[in-house]
file entry_32.cif (mmCIF, C-alpha atoms and all ligand atoms)
data_my_file
loop_
_atom_site.group_PDB
_atom_site.id
_atom_site.type_symbol
_atom_site.label_atom_id
_atom_site.label_comp_id
_atom_site.auth_asym_id
_atom_site.auth_seq_id
_atom_site.Cartn_x
_atom_site.Cartn_y
_atom_site.Cartn_z
ATOM 1 C CA MET A 1 -17.315 -2.469 -17.043
ATOM 2 C CA SER A 2 -19.942 -4.136 -14.885
ATOM 3 C CA THR A 3 -21.173 -2.280 -11.816
ATOM 4 C CA ALA A 4 -20.004 -5.221 -9.684
ATOM 5 C CA LEU A 5 -16.471 -4.042 -10.402
ATOM 6 C CA GLN A 6 -17.095 -0.462 -9.465
ATOM 7 C CA ALA A 7 -17.284 -0.696 -5.678
ATOM 8 C CA GLN A 8 -16.487 -3.007 -2.831
ATOM 9 C CA THR A 9 -20.029 -4.309 -2.654
ATOM 10 C CA HIS A 10 -19.103 -7.174 -0.350
ATOM 11 C CA LEU A 11 -17.549 -5.125 2.474
ATOM 12 C CA HIS A 12 -18.884 -6.044 5.896
ATOM 13 C CA ARG A 13 -19.698 -2.726 7.525
ATOM 14 C CA VAL A 14 -20.249 -1.527 11.089
ATOM 15 C CA GLU A 15 -20.415 1.871 12.756
ATOM 16 C CA LEU A 16 -17.436 2.419 15.040
ATOM 17 C CA PRO A 17 -15.461 5.509 16.029
ATOM 18 C CA SER A 18 -11.812 5.474 14.941
ATOM 19 C CA LYS A 19 -10.627 4.943 18.536
ATOM 20 C CA ASP A 20 -12.407 1.570 18.521
ATOM 21 C CA TYR A 21 -10.139 0.385 15.692
ATOM 22 C CA LYS A 22 -7.082 0.872 17.922
ATOM 23 C CA ASP A 23 -5.747 -2.341 19.446
ATOM 24 C CA ASP A 24 -4.947 -2.219 23.189
ATOM 25 C CA THR A 25 -1.221 -2.545 22.400
ATOM 26 C CA THR A 26 0.514 0.789 23.018
ATOM 27 C CA SER A 27 2.212 2.060 19.871
ATOM 28 C CA PHE A 28 5.968 2.173 20.274
ATOM 29 C CA TRP A 29 7.685 4.211 17.596
ATOM 30 C CA CYS A 30 10.164 7.024 18.307
ATOM 31 C CA ALA A 31 8.738 10.421 19.310
ATOM 32 C CA GLY A 32 7.988 12.421 16.182
ATOM 33 C CA CYS A 33 7.938 9.384 13.843
ATOM 34 C CA GLY A 34 5.767 9.886 10.759
ATOM 35 C CA HIS A 35 4.401 6.357 11.141
ATOM 36 C CA TYR A 36 2.046 7.723 13.871
ATOM 37 C CA GLY A 37 0.395 9.825 11.151
ATOM 38 C CA VAL A 38 -0.055 6.708 8.997
ATOM 39 C CA LEU A 39 -1.683 4.868 11.919
ATOM 40 C CA THR A 40 -4.046 7.766 12.702
ATOM 41 C CA GLY A 41 -4.955 8.075 9.016
ATOM 42 C CA LEU A 42 -5.647 4.350 8.764
ATOM 43 C CA LEU A 43 -7.792 4.260 11.930
ATOM 44 C CA ARG A 44 -9.848 7.197 10.641
ATOM 45 C CA ALA A 45 -10.265 5.589 7.227
ATOM 46 C CA LEU A 46 -11.406 2.299 8.779
ATOM 47 C CA SER A 47 -14.029 4.176 10.776
ATOM 48 C CA GLU A 48 -15.179 6.208 7.783
ATOM 49 C CA VAL A 49 -15.549 3.147 5.567
ATOM 50 C CA GLY A 50 -17.011 1.284 8.553
ATOM 51 C CA ILE A 51 -14.978 -1.891 8.052
ATOM 52 C CA ASP A 52 -16.043 -4.677 10.423
ATOM 53 C CA PRO A 53 -12.865 -5.575 12.401
ATOM 54 C CA ASN A 54 -13.945 -9.227 12.198
ATOM 55 C CA TYR A 55 -13.413 -9.051 8.430
ATOM 56 C CA LEU A 56 -10.208 -7.010 8.504
ATOM 57 C CA VAL A 57 -6.736 -8.524 8.073
ATOM 58 C CA SER A 58 -3.722 -6.306 8.591
ATOM 59 C CA ILE A 59 -0.470 -7.741 7.215
ATOM 60 C CA SER A 60 3.121 -6.473 7.331
ATOM 61 C CA GLY A 61 6.699 -7.542 6.694
ATOM 62 C CA ILE A 62 9.552 -6.421 8.966
ATOM 63 C CA GLY A 63 10.559 -2.864 9.858
ATOM 64 C CA CYS A 64 9.378 -0.118 12.211
ATOM 65 C CA SER A 65 6.476 0.069 9.752
ATOM 66 C CA GLY A 66 5.988 -3.682 10.170
ATOM 67 C CA ARG A 67 4.748 -3.077 13.710
ATOM 68 C CA LEU A 68 1.647 -1.269 12.550
ATOM 69 C CA PRO A 69 -0.715 -4.293 12.612
ATOM 70 C CA TYR A 70 -0.043 -4.631 16.383
ATOM 71 C CA PHE A 71 -1.917 -1.380 16.868
ATOM 72 C CA VAL A 72 -4.986 -2.124 14.750
ATOM 73 C CA ARG A 73 -8.027 -4.081 15.928
ATOM 74 C CA SER A 74 -8.037 -6.770 13.258
ATOM 75 C CA TYR A 75 -6.712 -10.196 12.416
ATOM 76 C CA LYS A 76 -3.041 -9.625 11.792
ATOM 77 C CA MET A 77 0.120 -11.208 10.466
ATOM 78 C CA HIS A 78 3.631 -9.853 11.029
ATOM 79 C CA THR A 79 5.350 -11.897 8.327
ATOM 80 C CA LEU A 80 8.904 -12.051 6.910
ATOM 81 C CA HIS A 81 10.885 -9.084 5.636
ATOM 82 C CA GLY A 82 9.591 -8.268 2.142
ATOM 83 C CA ARG A 83 7.047 -11.079 2.066
ATOM 84 C CA ALA A 84 3.817 -9.380 3.144
ATOM 85 C CA GLY A 85 2.643 -9.375 -0.499
ATOM 86 C CA PRO A 86 2.643 -13.137 -1.139
ATOM 87 C CA VAL A 87 1.124 -13.866 2.294
ATOM 88 C CA ALA A 88 -1.601 -11.257 1.742
ATOM 89 C CA THR A 89 -2.257 -12.695 -1.738
ATOM 90 C CA GLY A 90 -2.907 -16.117 -0.190
ATOM 91 C CA VAL A 91 -5.280 -14.631 2.390
ATOM 92 C CA GLN A 92 -7.156 -12.624 -0.235
ATOM 93 C CA LEU A 93 -7.573 -15.556 -2.638
ATOM 94 C CA ALA A 94 -8.630 -17.968 0.097
ATOM 95 C CA ARG A 95 -11.091 -15.475 1.600
ATOM 96 C CA PRO A 96 -12.136 -12.815 -0.933
ATOM 97 C CA ASP A 97 -14.749 -11.628 1.587
ATOM 98 C CA LEU A 98 -12.011 -10.256 3.879
ATOM 99 C CA ASN A 99 -10.571 -6.779 3.672
ATOM 100 C CA VAL A 100 -6.788 -7.054 3.352
ATOM 101 C CA VAL A 101 -4.449 -4.171 4.194
ATOM 102 C CA ILE A 102 -0.655 -4.307 3.862
ATOM 103 C CA THR A 103 1.533 -1.766 5.646
ATOM 104 C CA GLY A 104 5.274 -1.743 5.094
ATOM 105 C CA GLY A 105 8.408 0.304 4.637
ATOM 106 C CA ASP A 106 10.261 1.387 1.501
ATOM 107 C CA GLY A 107 12.973 -1.199 2.228
ATOM 108 C CA ASP A 108 10.435 -3.933 2.868
ATOM 109 C CA GLY A 109 8.429 -3.128 -0.262
ATOM 110 C CA PHE A 110 11.073 -2.041 -2.754
ATOM 111 C CA SER A 111 14.370 -3.678 -1.649
ATOM 112 C CA ILE A 112 13.871 -7.238 -0.481
ATOM 113 C CA GLY A 113 10.178 -7.272 -1.457
ATOM 114 C CA GLY A 114 10.672 -5.441 -4.751
ATOM 115 C CA GLY A 115 10.195 -8.579 -6.842
ATOM 116 C CA HIS A 116 6.642 -8.998 -5.560
ATOM 117 C CA MET A 117 5.377 -5.481 -6.248
ATOM 118 C CA PRO A 118 4.846 -5.801 -10.043
ATOM 119 C CA HIS A 119 2.827 -8.962 -9.550
ATOM 120 C CA LEU A 120 0.498 -7.571 -6.886
ATOM 121 C CA ALA A 121 -0.236 -4.727 -9.279
ATOM 122 C CA ARG A 122 -0.487 -6.560 -12.607
ATOM 123 C CA LYS A 123 -2.677 -9.306 -11.107
ATOM 124 C CA ASN A 124 -4.891 -6.601 -9.574
ATOM 125 C CA ILE A 125 -5.151 -8.343 -6.243
ATOM 126 C CA ASN A 126 -7.983 -6.816 -4.261
ATOM 127 C CA MET A 127 -6.168 -5.189 -1.335
ATOM 128 C CA THR A 128 -4.865 -1.879 -0.008
ATOM 129 C CA TYR A 129 -1.090 -1.456 0.182
ATOM 130 C CA ILE A 130 0.179 1.452 2.299
ATOM 131 C CA LEU A 131 3.883 2.153 1.805
ATOM 132 C CA MET A 132 5.315 3.992 4.845
ATOM 133 C CA ASP A 133 8.060 5.694 2.880
ATOM 134 C CA ASN A 134 10.661 7.301 5.174
ATOM 135 C CA HIS A 135 13.523 7.006 2.641
ATOM 136 C CA VAL A 136 15.629 4.974 5.077
ATOM 137 C CA TYR A 137 15.883 1.628 6.900
ATOM 138 C CA GLY A 138 14.529 2.748 10.293
ATOM 139 C CA LEU A 139 14.447 -0.480 12.300
ATOM 140 C CA THR A 140 18.047 -1.433 11.549
ATOM 141 C CA LYS A 141 19.229 2.086 12.400
ATOM 142 C CA GLY A 142 19.587 4.174 9.326
ATOM 143 C CA GLN A 143 21.058 2.346 6.328
ATOM 144 C CA CYS A 144 20.099 3.759 2.918
ATOM 145 C CA SER A 145 16.982 2.424 1.236
ATOM 146 C CA PRO A 146 15.973 2.382 -2.450
ATOM 147 C CA THR A 147 14.140 5.694 -1.946
ATOM 148 C CA SER A 148 17.020 7.453 -0.095
ATOM 149 C CA ARG A 149 18.284 10.623 -1.679
ATOM 150 C CA LYS A 150 21.689 10.214 -3.300
ATOM 151 C CA GLU A 151 23.265 12.950 -1.200
ATOM 152 C CA MET A 152 22.182 11.325 2.078
ATOM 153 C CA LYS A 153 25.001 10.012 4.269
ATOM 154 C CA THR A 154 24.170 6.811 6.117
ATOM 155 C CA PRO A 155 26.158 4.040 7.880
ATOM 156 C CA THR A 156 26.241 2.143 4.554
ATOM 157 C CA THR A 157 26.879 5.256 2.423
ATOM 158 C CA PRO A 158 29.156 7.392 4.658
ATOM 159 C CA TYR A 159 30.218 9.598 1.719
ATOM 160 C CA GLY A 160 26.726 9.804 0.240
ATOM 161 C CA GLY A 161 24.994 7.396 -2.122
ATOM 162 C CA VAL A 162 26.118 6.283 -5.556
ATOM 163 C CA GLU A 163 22.733 5.000 -6.713
ATOM 164 C CA ALA A 164 19.724 6.940 -7.961
ATOM 165 C CA PRO A 165 16.601 6.511 -5.819
ATOM 166 C CA LEU A 166 13.535 4.835 -7.318
ATOM 167 C CA ASP A 167 10.105 6.363 -7.355
ATOM 168 C CA PRO A 168 7.425 4.087 -5.843
ATOM 169 C CA VAL A 169 4.451 5.828 -7.450
ATOM 170 C CA LEU A 170 5.972 5.814 -10.949
ATOM 171 C CA TYR A 171 6.721 2.111 -10.556
ATOM 172 C CA MET A 172 3.205 1.278 -9.430
ATOM 173 C CA LEU A 173 1.683 3.274 -12.293
ATOM 174 C CA THR A 174 3.886 1.353 -14.712
ATOM 175 C CA TYR A 175 3.210 -2.034 -13.129
ATOM 176 C CA GLY A 176 -0.531 -1.627 -13.638
ATOM 177 C CA ALA A 177 -1.876 -0.761 -10.187
ATOM 178 C CA THR A 178 -5.519 0.277 -10.542
ATOM 179 C CA TYR A 179 -5.363 2.921 -7.770
ATOM 180 C CA VAL A 180 -2.232 4.998 -7.078
ATOM 181 C CA ALA A 181 -2.052 7.877 -4.597
ATOM 182 C CA GLN A 182 0.489 9.708 -2.485
ATOM 183 C CA ALA A 183 0.435 12.052 0.525
ATOM 184 C CA PHE A 184 2.600 13.359 3.332
ATOM 185 C CA ALA A 185 1.707 11.243 6.380
ATOM 186 C CA GLY A 186 1.501 14.426 8.491
ATOM 187 C CA ASN A 187 -1.471 15.548 6.401
ATOM 188 C CA VAL A 188 -3.716 13.065 8.192
ATOM 189 C CA LYS A 189 -6.878 14.446 6.578
ATOM 190 C CA LEU A 190 -5.616 13.758 3.055
ATOM 191 C CA ALA A 191 -3.899 10.476 4.029
ATOM 192 C CA SER A 192 -7.078 9.079 5.597
ATOM 193 C CA GLN A 193 -9.180 10.229 2.620
ATOM 194 C CA LEU A 194 -6.849 8.427 0.194
ATOM 195 C CA ILE A 195 -6.786 5.268 2.332
ATOM 196 C CA LYS A 196 -10.586 5.331 2.570
ATOM 197 C CA ASP A 197 -10.943 5.638 -1.225
ATOM 198 C CA GLY A 198 -8.319 2.931 -1.678
ATOM 199 C CA MET A 199 -10.251 0.545 0.567
ATOM 200 C CA GLU A 200 -13.468 1.221 -1.290
ATOM 201 C CA HIS A 201 -11.695 0.623 -4.599
ATOM 202 C CA LYS A 202 -12.145 -2.869 -6.010
ATOM 203 C CA GLY A 203 -8.609 -3.873 -7.003
ATOM 204 C CA PHE A 204 -5.007 -3.218 -6.019
ATOM 205 C CA ALA A 205 -4.801 0.174 -4.290
ATOM 206 C CA PHE A 206 -1.317 1.571 -3.613
ATOM 207 C CA ILE A 207 -0.893 4.589 -1.347
ATOM 208 C CA ASN A 208 2.589 6.022 -0.773
ATOM 209 C CA LEU A 209 2.705 7.907 2.510
ATOM 210 C CA LEU A 210 5.813 10.052 2.972
ATOM 211 C CA SER A 211 6.741 9.531 6.601
ATOM 212 C CA GLN A 212 9.594 11.291 8.380
ATOM 213 C CA CYS A 213 12.152 9.303 10.418
ATOM 214 C CA PRO A 214 13.403 11.772 13.072
ATOM 215 C CA SER A 215 16.001 9.283 14.366
ATOM 216 C CA PHE A 216 17.846 8.267 11.176
ATOM 217 C CA ASN A 217 16.946 10.631 8.354
ATOM 218 C CA GLU A 218 17.955 14.237 8.948
ATOM 219 C CA MET A 219 17.150 15.281 5.374
ATOM 220 C CA ASP A 220 13.570 14.205 4.805
ATOM 221 C CA THR A 221 12.063 15.833 7.868
ATOM 222 C CA ALA A 222 8.365 16.539 8.409
ATOM 223 C CA LYS A 223 9.102 20.149 7.450
ATOM 224 C CA HIS A 224 10.766 19.004 4.226
ATOM 225 C CA PHE A 225 7.861 16.730 3.221
ATOM 226 C CA LYS A 226 5.365 19.477 4.105
ATOM 227 C CA ASN A 227 7.199 22.124 2.094
ATOM 228 C CA ALA A 228 7.682 19.753 -0.861
ATOM 229 C CA THR A 229 3.950 19.000 -1.067
ATOM 230 C CA ALA A 230 2.340 19.801 -4.408
ATOM 231 C CA ILE A 231 -1.400 19.123 -4.073
ATOM 232 C CA LEU A 232 -2.940 17.843 -7.317
ATOM 233 C CA ASP A 233 -5.681 20.233 -8.344
ATOM 234 C CA ASP A 234 -9.151 19.443 -9.647
ATOM 235 C CA SER A 235 -7.983 19.689 -13.248
ATOM 236 C CA HIS A 236 -5.963 16.477 -12.853
ATOM 237 C CA ASP A 237 -7.753 13.650 -14.691
ATOM 238 C CA VAL A 238 -7.402 10.569 -12.465
ATOM 239 C CA SER A 239 -8.491 8.252 -15.297
ATOM 240 C CA ASP A 240 -5.555 9.292 -17.507
ATOM 241 C CA LEU A 241 -2.386 7.232 -16.957
ATOM 242 C CA ASP A 242 -0.218 9.573 -19.036
ATOM 243 C CA ALA A 243 -1.487 12.553 -17.033
ATOM 244 C CA ALA A 244 -0.595 10.738 -13.797
ATOM 245 C CA MET A 245 2.965 10.069 -14.958
ATOM 246 C CA HIS A 246 3.272 13.612 -16.255
ATOM 247 C CA ALA A 247 2.069 15.015 -12.909
ATOM 248 C CA VAL A 248 4.721 13.003 -11.049
ATOM 249 C CA ASN A 249 7.501 13.977 -13.456
ATOM 250 C CA MET A 250 6.563 17.668 -13.424
ATOM 251 C CA ALA A 251 6.463 17.785 -9.610
ATOM 252 C CA ARG A 252 9.796 15.948 -9.356
ATOM 253 C CA ARG A 253 11.408 18.351 -11.805
ATOM 254 C CA GLU A 254 10.580 21.136 -9.358
ATOM 255 C CA GLY A 255 11.842 19.064 -6.418
ATOM 256 C CA ARG A 256 8.294 18.560 -5.152
ATOM 257 C CA GLU A 257 6.094 15.608 -4.202
ATOM 258 C CA PRO A 258 2.679 15.262 -5.861
ATOM 259 C CA ASN A 259 0.010 14.722 -3.180
ATOM 260 C CA GLY A 260 -3.425 13.323 -3.929
ATOM 261 C CA LEU A 261 -5.039 10.654 -6.091
ATOM 262 C CA LEU A 262 -2.887 10.176 -9.186
ATOM 263 C CA TYR A 263 -4.675 7.397 -11.020
ATOM 264 C CA LYS A 264 -7.708 5.169 -10.753
ATOM 265 C CA THR A 265 -9.121 2.624 -13.179
ATOM 266 C CA GLU A 266 -11.154 -0.575 -13.100
ATOM 267 C CA ARG A 267 -10.481 -4.065 -14.351
ATOM 268 C CA PRO A 268 -11.278 -7.527 -12.981
ATOM 269 C CA THR A 269 -9.350 -8.642 -9.901
ATOM 270 C CA LEU A 270 -7.440 -11.916 -9.658
ATOM 271 C CA ASP A 271 -10.067 -13.531 -7.390
ATOM 272 C CA GLN A 272 -12.802 -12.545 -9.871
ATOM 273 C CA ASN A 273 -10.828 -13.999 -12.789
ATOM 274 C CA MET A 274 -10.198 -17.210 -10.855
ATOM 275 C CA ALA A 275 -13.871 -17.526 -9.851
ATOM 276 C CA GLU A 276 -14.787 -17.075 -13.508
ATOM 277 C CA LEU A 277 -12.304 -19.754 -14.549
ATOM 278 C CA VAL A 278 -13.613 -22.216 -11.953
ATOM 279 C CA LYS A 279 -17.169 -21.523 -13.146
ATOM 280 C CA ASN A 280 -16.127 -22.187 -16.762
ATOM 281 C CA VAL A 281 -14.521 -25.510 -15.929
ATOM 282 C CA GLY A 282 -17.610 -26.874 -14.229
ATOM 283 C CA GLY A 283 -18.044 -25.207 -10.847
ATOM 284 C CA HIS A 284 -16.204 -25.539 -7.600
ATOM 285 C CA LYS A 285 -17.643 -28.960 -6.764
ATOM 286 C CA ASP A 286 -16.204 -30.483 -9.920
ATOM 287 C CA TYR A 287 -12.994 -28.512 -9.705
ATOM 288 C CA ASP A 288 -10.578 -30.434 -11.859
ATOM 289 C CA LEU A 289 -6.984 -29.271 -12.153
ATOM 290 C CA ARG A 290 -6.514 -31.341 -15.315
ATOM 291 C CA LYS A 291 -9.313 -29.397 -17.026
ATOM 292 C CA ILE A 292 -7.665 -26.111 -16.047
ATOM 293 C CA ILE A 293 -4.313 -27.304 -17.392
ATOM 294 C CA ASP A 294 -6.006 -28.438 -20.628
ATOM 295 C CA LEU A 295 -7.673 -25.020 -20.968
ATOM 296 C CA ALA A 296 -4.324 -23.306 -20.532
ATOM 297 C CA ARG A 297 -2.713 -25.341 -23.366
ATOM 298 C CA PRO A 298 -2.264 -23.371 -26.594
HETATM 299 C C1 LIG B 1 15.589 -11.534 5.432
HETATM 300 C C2 LIG B 1 15.924 -10.326 6.229
HETATM 301 N N1 LIG B 1 16.886 -9.494 5.801
HETATM 302 C C3 LIG B 1 17.181 -8.384 6.501
HETATM 303 C C4 LIG B 1 16.529 -8.112 7.669
HETATM 304 C C5 LIG B 1 16.919 -6.899 8.468
HETATM 305 N N2 LIG B 1 15.950 -5.823 8.368
HETATM 306 C C6 LIG B 1 14.930 -5.709 9.223
HETATM 307 S S1 LIG B 1 13.970 -4.386 8.925
HETATM 308 C C7 LIG B 1 14.944 -3.928 7.621
HETATM 309 C C8 LIG B 1 14.668 -2.684 6.802
HETATM 310 C C9 LIG B 1 13.667 -1.766 7.431
HETATM 311 O O1 LIG B 1 13.434 -0.647 6.616
HETATM 312 P P1 LIG B 1 12.042 -0.344 5.971
HETATM 313 O O2 LIG B 1 11.454 -1.541 5.356
HETATM 314 O O3 LIG B 1 12.195 0.841 5.070
HETATM 315 O O4 LIG B 1 11.091 0.004 7.221
HETATM 316 P P2 LIG B 1 11.221 1.084 8.403
HETATM 317 O O5 LIG B 1 11.917 0.375 9.532
HETATM 318 O O6 LIG B 1 12.014 2.246 7.883
HETATM 319 O O7 LIG B 1 9.817 1.442 8.733
HETATM 320 C C10 LIG B 1 16.001 -4.823 7.429
HETATM 321 C C11 LIG B 1 17.038 -4.682 6.376
HETATM 322 C C12 LIG B 1 15.523 -9.012 8.100
HETATM 323 N N3 LIG B 1 14.802 -8.794 9.213
HETATM 324 N N4 LIG B 1 15.240 -10.095 7.369
#

call {"tool": "encode", "arguments": {"input": "entry_32.cif", "output": "structure tokens", "more": "lines below"}}
Ligand SMILES: Cc1ncc(C[n+]2csc(CCOP(=O)(O)OP(=O)(O)O)c2C)c(N)n1
result
Amino acid sequence: MSTALQAQTHLHRVELPSKDYKDDTTSFWCAGCGHYGVLTGLLRALSEVGIDPNYLVSISGIGCSGRLPYFVRSYKMHTLHGRAGPVATGVQLARPDLNVVITGGDGDGFSIGGGHMPHLARKNINMTYILMDNHVYGLTKGQCSPTSRKEMKTPTTPYGGVEAPLDPVLYMLTYGATYVAQAFAGNVKLASQLIKDGMEHKGFAFINLLSQCPSFNEMDTAKHFKNATAILDDSHDVSDLDAAMHAVNMARREGREPNGLLYKTERPTLDQNMAELVKNVGGHKDYDLRKIIDLARP
């Protein structure tokens, strides 16, 4: 693998303290919401990587989580429910020099937006996706989400659920994400470290942050997520996909949540593959769609 693929060589960097990445807009989540931890972790990571806010684009769908871009000093787009992925893909392909970060909820990413997730991962679109996973629909007041525990009672499942929850990290490992990590949002040190590494990773970086919803999820409290934490130790081989899946399955079997970097690999990103294709068909100036279609013919 060429060294060009190994790091985000193009990142525009500055030196700013994390407080300077905070937008003037006052954050307005409920008291005790885990999403505050995600925001603090992100602001710290931005400062540690030294991302130039002029080259940062923060994109979300709809949800309490969807408000996050308001609070970050960056270009920002609060898009449609579940559609942050396609919008962010367009931004990234049009301007590969920008640093694109998606933040969104478990409903946004894995219910209505679930059809987009495999494609962001398999195409290896160069961006950081932070899932703010509170196991519930927060904004619309507590309906069950695809990551809700079966035994949870909600306005849409008053007797408890009848569907098994899905596992975002197992899905992203299977879909081909090149960086997959998870942490409890209250562990801001680990969360910011994983976000930082994800931003420096060239490719699609997915970070699942377990975030308590004190208003609508009485089961998955901060205490629960903290107690369920199983930190991956140094013996875990992050280059081994089977080991990553095994680590998740083993932790789950014990009712725990693996925390740390699960998997990391390198392969060309979609914008690199497209640039290569354009080069092969005669350069950008002579860009000819017919030639591309001819090349694609069997
Ligand atoms: C097309 C469409 N369908 C449904 C909704 C209603 N809606 C808004 S946010 C949301 C789910 C929010 O849950 P989640 O994505 O998990 O984020 P959270 O609020 O928990 O952070 C829903 C169903 C909508 N805004 N647009």

call {"tool": "atom_distance", "arguments": {"input": "entry_32.cif", "atom1": "CA of Asp106 (chain A)", "atom2": "CA of Arg267 (chain A)"}}
result
26.7 Å

call {"tool": "residues_near_ligand", "arguments": {"input": "entry_32.cif", "ligand": "ligand LIG 1 (chain B)", "cutoff": "7 Å", "atoms": "only C-alpha atoms and all ligand atoms", "output": "number ranges by chain"}}
result
A: 62-66, 80-81, 104-109, 132-140, 145

call {"tool": "residues_near_point", "arguments": {"input": "entry_32.cif", "point": "(-6.9, -10.1, -5.9)", "cutoff": "8 Å", "atoms": "all atoms listed in the file", "output": "NGL selection string"}}
result
:A and (89 or 92-93 or 96 or 120 or 123-127 or 203-204 or 269-272)

call {"tool": "write_last_selection", "arguments": {"input": "entry_32.cif", "atoms": "C-alpha atoms", "output": "short mmCIF file (atom, residue, chain, number, x, y, z; two decimals), keeping the file's coordinate frame"}}
result
data_model
loop_
_atom_site.label_atom_id
_atom_site.label_comp_id
_atom_site.auth_asym_id
_atom_site.auth_seq_id
_atom_site.Cartn_x
_atom_site.Cartn_y
_atom_site.Cartn_z
CA THR A 89 -2.26 -12.70 -1.74
CA GLN A 92 -7.16 -12.62 -0.24
CA LEU A 93 -7.57 -15.56 -2.64
CA PRO A 96 -12.14 -12.82 -0.93
CA LEU A 120 0.50 -7.57 -6.89
CA LYS A 123 -2.68 -9.31 -11.11
CA ASN A 124 -4.89 -6.60 -9.57
CA ILE A 125 -5.15 -8.34 -6.24
CA ASN A 126 -7.98 -6.82 -4.26
CA MET A 127 -6.17 -5.19 -1.34
CA GLY A 203 -8.61 -3.87 -7.00
CA PHE A 204 -5.01 -3.22 -6.02
CA THR A 269 -9.35 -8.64 -9.90
CA LEU A 270 -7.44 -11.92 -9.66
CA ASP A 271 -10.07 -13.53 -7.39
CA GLN A 272 -12.80 -12.54 -9.87
#

call {"tool": "resolve_selection", "arguments": {"input": "entry_32.cif", "expression": "the PyMOL selection byres (((chain A and resi 229) around 7) and not hetatm)", "output": "ChimeraX atom specification"}}
result
/A:225-228,230-231,256-259

call {"tool": "residues_around", "arguments": {"input": "entry_32.cif", "residues": "region 70-78 of chain A", "least_positions_apart": "3", "cutoff": "8 Å", "atoms": "only C-alpha atoms", "output": "ChimeraX atom specification"}}
result
/A:20-27,39,43,53-62,66-67,84

call {"tool": "closest_residue", "arguments": {"input": "entry_32.cif", "among": "A:Tyr36, A:Tyr263, A:Tyr179, A:Phe184", "to": "His236 (chain A)", "atoms": "all atoms listed in the file"}}
result
A:Tyr263
